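Just below is one structure, and these are the notes that go with it.
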Amino acid sequence: MKKDNRLSFFETLTMATGFTIGSGIITLTGIGIGMTGRSVFVAFAVCAVLFLISFRPLFIMSSVLPRMSAAYSYSKELITKEAGGLYVYIYFFGRITIAIFGISIAQYLASLIPALNNPVGMKVVAAGVLTLFYIINLFGIKNAAIVQNVLFVILVFSLLSFVIFGIGKVESNFFEQRAFFVNGFGGFYSAVSLLFFAVGGAYIITDFAPKIRNPEKVMMKVIYIVTIGVTILYMFIGIVASGVIPQAEAAYQSLVVTARIVYPSNLLFSIFIVGGALGALITTLNSSFVWYSSSLIQACKDGWLPKAWGKTNKYEVPYILTTIFYILGLVPALLGMDLTVVSKIAVGMTILSILIPMAGILKLPEKYPEEWKQSVYSKRYPKWRLRVMVVITYLIMSTQVYALFAGNPATVNIVILLYILGTGLYLFFKSKYKTLKTEGEGEKD
């Protein structure tokens, strides 16, 4: 009998937890506090609710029609090939997120080594860290998964220690109204939008649905369990991060500021910085090089990106794509771009890219009737309910993109707008050219 090598429920659960608990809580909590004050812990809860509602079309599609690189596959299979191309180009731009890791690692390392706490030192560290992990990933380290798992365990214990040591030190006036919703509803919703993927990382398992045993039953259950569990942990971290010191002092700052007061000794503080903050950033940076590059190999084969970019070296690493992402992360770090702006661009473009395949669920019953009929969703989701679900998804995610980009410098938003318009025009004319060429060949025949 052939052994079933697909992931079990427990293996899927641990993988989804690993994807969810990472750099987001480390890099974005302080920015969230700056946007909405101590109500950041409420923002985490709202994030989870909106994530589980708005991502439901993707979860259902992955359960019914498991595909590797799910978002790209559904865009091209269920909508149009051009929709697949649009997803690729917007997703690609959003990978500027890799710069966040280098900048954040520099900030946390500077808290341990004061000599690095200057603009030049920060840039050197950020560039050095990105370069180190770029080189490591070119060799396709086989034991990377083992290292990731060990660091993940240390990370979870570090975050729990932050809550355990800090919860008793939260100021007695924590719930004073003036420290909540400091920038009104707009600031609160901007924080919700920014923190969206900090609690919603479990969606990444949709990219591995074919490797999961019984995905129709397992996927949704795992995503709900992980999202709710991680959100509760993050809410407590938000309370400690914003409540141990005055809200104004925690705004837009890393967790270092609060951690110095939370931990009773320099040793424990150093362990948190190394095991928690740096551990989260390093594991996410390391896995991002692999994930980002591998997710676009098929797009290279399909012609949306140059085919040469998908070439692999003897370690089966797509070295050109990896190099491009390295440069995409290096440039903002060397320019000293504001971490808040970089974070908004990265999250906003990621939400925009994920919006594209969501409409594919409307075509799923028509294009794959047998798979749809055999699923548990066919009777529960008639056409009208599918339409309502997609409309709700688009309303939630489009307002989040607006909330993120609204506070950006005008020049940044102009660049983003021109990029999207340029991409749309390119795909439009490319499609027209193909149609005319096909018609011309047909007339000759």
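By order in the structure tokens, chains are A, B, ...; within a chain, residues start at 1; ligands start at 1, following the order shown.
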
Produce a table with one row for each residue of stretch 83-150 of chain A that has an atom at most 9 Å from any atom of stretch 326-342 of chain A, each row naming the nearest atom pair and its distance in Å at one decimal; use only C-alpha atoms; arrange rows by chain and rising residue number; format as CSV.
residue,atom,partner,partner_atom,distance
A:Phe93,CA,A:Leu328,CA,8.7
A:Arg95,CA,A:Leu328,CA,7.4
A:Ile96,CA,A:Gly329,CA,5.6
A:Thr97,CA,A:Val342,CA,7.0
A:Ile98,CA,A:Gly329,CA,4.9
A:Ala99,CA,A:Gly329,CA,3.9
A:Ile100,CA,A:Leu339,CA,6.5
A:Phe101,CA,A:Gly329,CA,8.5
A:Gly102,CA,A:Ala333,CA,6.9
A:Ile103,CA,A:Ala333,CA,6.0
A:Ser104,CA,A:Leu339,CA,8.0
A:Pro119,CA,A:Gly336,CA,7.7
A:Met122,CA,A:Gly336,CA,8.6
A:Lys123,CA,A:Leu334,CA,5.5
A:Val124,CA,A:Leu334,CA,8.0
A:Ala126,CA,A:Ala333,CA,6.3
A:Ala127,CA,A:Leu330,CA,6.1
A:Leu130,CA,A:Tyr326,CA,6.9
A:Thr131,CA,A:Tyr326,CA,7.4
A:Tyr134,CA,A:Tyr326,CA,6.4

Legend entry - Residue neighbourhood A:Gly187, 6 Å, only C-alpha atoms, exclusion window fewer than 3 positions, as a VMD selection string: chain A and resid 35 to 36 183 to 184 190

Inset, instruction - Identify, with DSSP run on backbone atoms, the residues in stretch 71-308 of chain A assigned to alpha helix (DSSP H), and express the list as number ranges by chain. - result: A: 71-74, 81-94, 98-112, 119-138, 144-166, 184-194, 196-199, 215-243, 247-250, 256-262, 266-271, 279-295, 297-301

Legend entry - Option closest in space to A:Ile245, from A:Glu82, A:Glu171, A:Glu11, A:Glu370 [counting only C-alpha atoms]: A:Glu171

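Minimum atom-to-atom distance to A:Ser295, evaluated using only C-alpha atoms, belongs to A:Ser69 out of A:Thr312, A:Asn266, A:Ser69, A:Ser75.
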
Legend entry - Selection: 10 Å around A:Phe41, only C-alpha atoms, excl. self and same-chain fewer than 4 positions, as a list in words: Thr29, Gly32, Ile33, Thr36, Gly37, Ala45, Val46, Cys47, Val192, Thr231, Ile232, Leu233, Tyr234, Met235, Phe236, Ile237, Gly238, Ile239, Val240, Ala241 and Ser242 of chain A

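When only C-alpha atoms are used to measure the gap to A:Ala248, the shortest distance among A:Trp309, A:Gly34, A:Phe133, A:Phe181 belongs to A:Gly34.
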
Inset, instruction - Extract, using only C-alpha atoms, all DNA, RNA and protein residues at most 8 Å from A:Tyr203, discarding same-chain residues fewer than 5 positions from it, and format them as a ChimeraX atom specification. - result: /A:16,55,59,223

Using only C-alpha atoms, what table do you get, as CSV, when you list each residue of stretch 213-280 of chain A with an atom no more than 12 Å from stretch 285-291 of chain A, its nearest pair of atoms, and their distance in Å rounded to one decimal, rows by chain then rising number?
residue,atom,partner,partner_atom,distance
A:Leu278,CA,A:Leu285,CA,10.2
A:Gly279,CA,A:Leu285,CA,9.9
A:Ala280,CA,A:Leu285,CA,8.5

Output C-alpha atoms for every residue in that selection, as an mmCIF file, in the first residue's frame.
data_model
loop_
_atom_site.group_PDB
_atom_site.id
_atom_site.type_symbol
_atom_site.label_atom_id
_atom_site.label_comp_id
_atom_site.auth_asym_id
_atom_site.auth_seq_id
_atom_site.Cartn_x
_atom_site.Cartn_y
_atom_site.Cartn_z
ATOM 1 C CA LEU A 278 14.805 38.885 16.059
ATOM 2 C CA GLY A 279 13.569 35.286 15.956
ATOM 3 C CA ALA A 280 10.243 36.334 14.421
#

Inset, instruction - Could you check which of A:Leu418, A:Ala359, A:Val226, A:Leu425 is closest to A:Thr393, using only C-alpha atoms? - result: A:Ala359

Inset, instruction - Determine, counting only C-alpha atoms, which protein, DNA and RNA residues have an atom within 8 Å of an atom of stretch 382-389 of chain A; residues of the same chain fewer than 3 positions away are not included. Present the result as a PyMOL selection string. - result: chain A and resi 54+56-57+361-362+378-379+392-393

Legend entry - Minimum-distance residue to A:Pro66, chosen among A:Leu194, A:Leu13, A:Val156, A:Met219 (using only C-alpha atoms): A:Met219

Could you pull the residues within 9 Å of A:Lys363, counting only C-alpha atoms, minus those fewer than 5 positions along the same chain, as a PDB file with C-alpha atoms, in the first residue's frame?
ATOM      1  CA  LEU A  78     -11.862  30.773 -13.023  1.00  0.00           C
ATOM      2  CA  ILE A  79     -11.718  34.348 -14.329  1.00  0.00           C
ATOM      3  CA  TYR A 368     -16.140  22.626 -12.309  1.00  0.00           C
TER       4      TYR A 368
END

Legend entry - Point-to-point distance from atom CA of A:Phe51 to atom CA of A:Phe196, Å rounded to tenths: 6.9 Å

Contact residues around A:Val412 with only C-alpha atoms at 10 Å, ignoring same-chain residues under 4 positions, as a PDB file with N, CA and C atoms, in the first residue's frame:
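To be explicit, this is the file written out as around.pdb:
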ATOM      1  N   VAL A 341       5.302  53.763   6.069  1.00  0.00           N
ATOM      2  CA  VAL A 341       4.932  53.883   4.657  1.00  0.00           C
ATOM      3  C   VAL A 341       5.177  52.570   3.924  1.00  0.00           C
ATOM      4  N   VAL A 342       6.346  51.959   4.154  1.00  0.00           N
ATOM      5  CA  VAL A 342       6.669  50.685   3.510  1.00  0.00           C
ATOM      6  C   VAL A 342       5.638  49.626   3.896  1.00  0.00           C
ATOM      7  N   ILE A 345       2.309  50.210   2.049  1.00  0.00           N
ATOM      8  CA  ILE A 345       2.411  49.817   0.636  1.00  0.00           C
ATOM      9  C   ILE A 345       2.331  48.304   0.517  1.00  0.00           C
ATOM     10  N   PHE A 405      -3.871  53.548   2.086  1.00  0.00           N
ATOM     11  CA  PHE A 405      -3.222  54.473   1.155  1.00  0.00           C
ATOM     12  C   PHE A 405      -3.585  55.940   1.420  1.00  0.00           C
ATOM     13  N   ASN A 408      -0.828  57.973   2.994  1.00  0.00           N
ATOM     14  CA  ASN A 408       0.498  57.935   2.366  1.00  0.00           C
ATOM     15  C   ASN A 408       0.867  59.275   1.741  1.00  0.00           C
ATOM     16  N   ILE A 416       2.021  54.213  -7.128  1.00  0.00           N
ATOM     17  CA  ILE A 416       1.183  53.009  -7.065  1.00  0.00           C
ATOM     18  C   ILE A 416       0.095  53.055  -8.132  1.00  0.00           C
ATOM     19  N   LEU A 417      -0.564  54.208  -8.272  1.00  0.00           N
ATOM     20  CA  LEU A 417      -1.643  54.359  -9.243  1.00  0.00           C
ATOM     21  C   LEU A 417      -1.126  54.184 -10.669  1.00  0.00           C
TER      22      LEU A 417
END
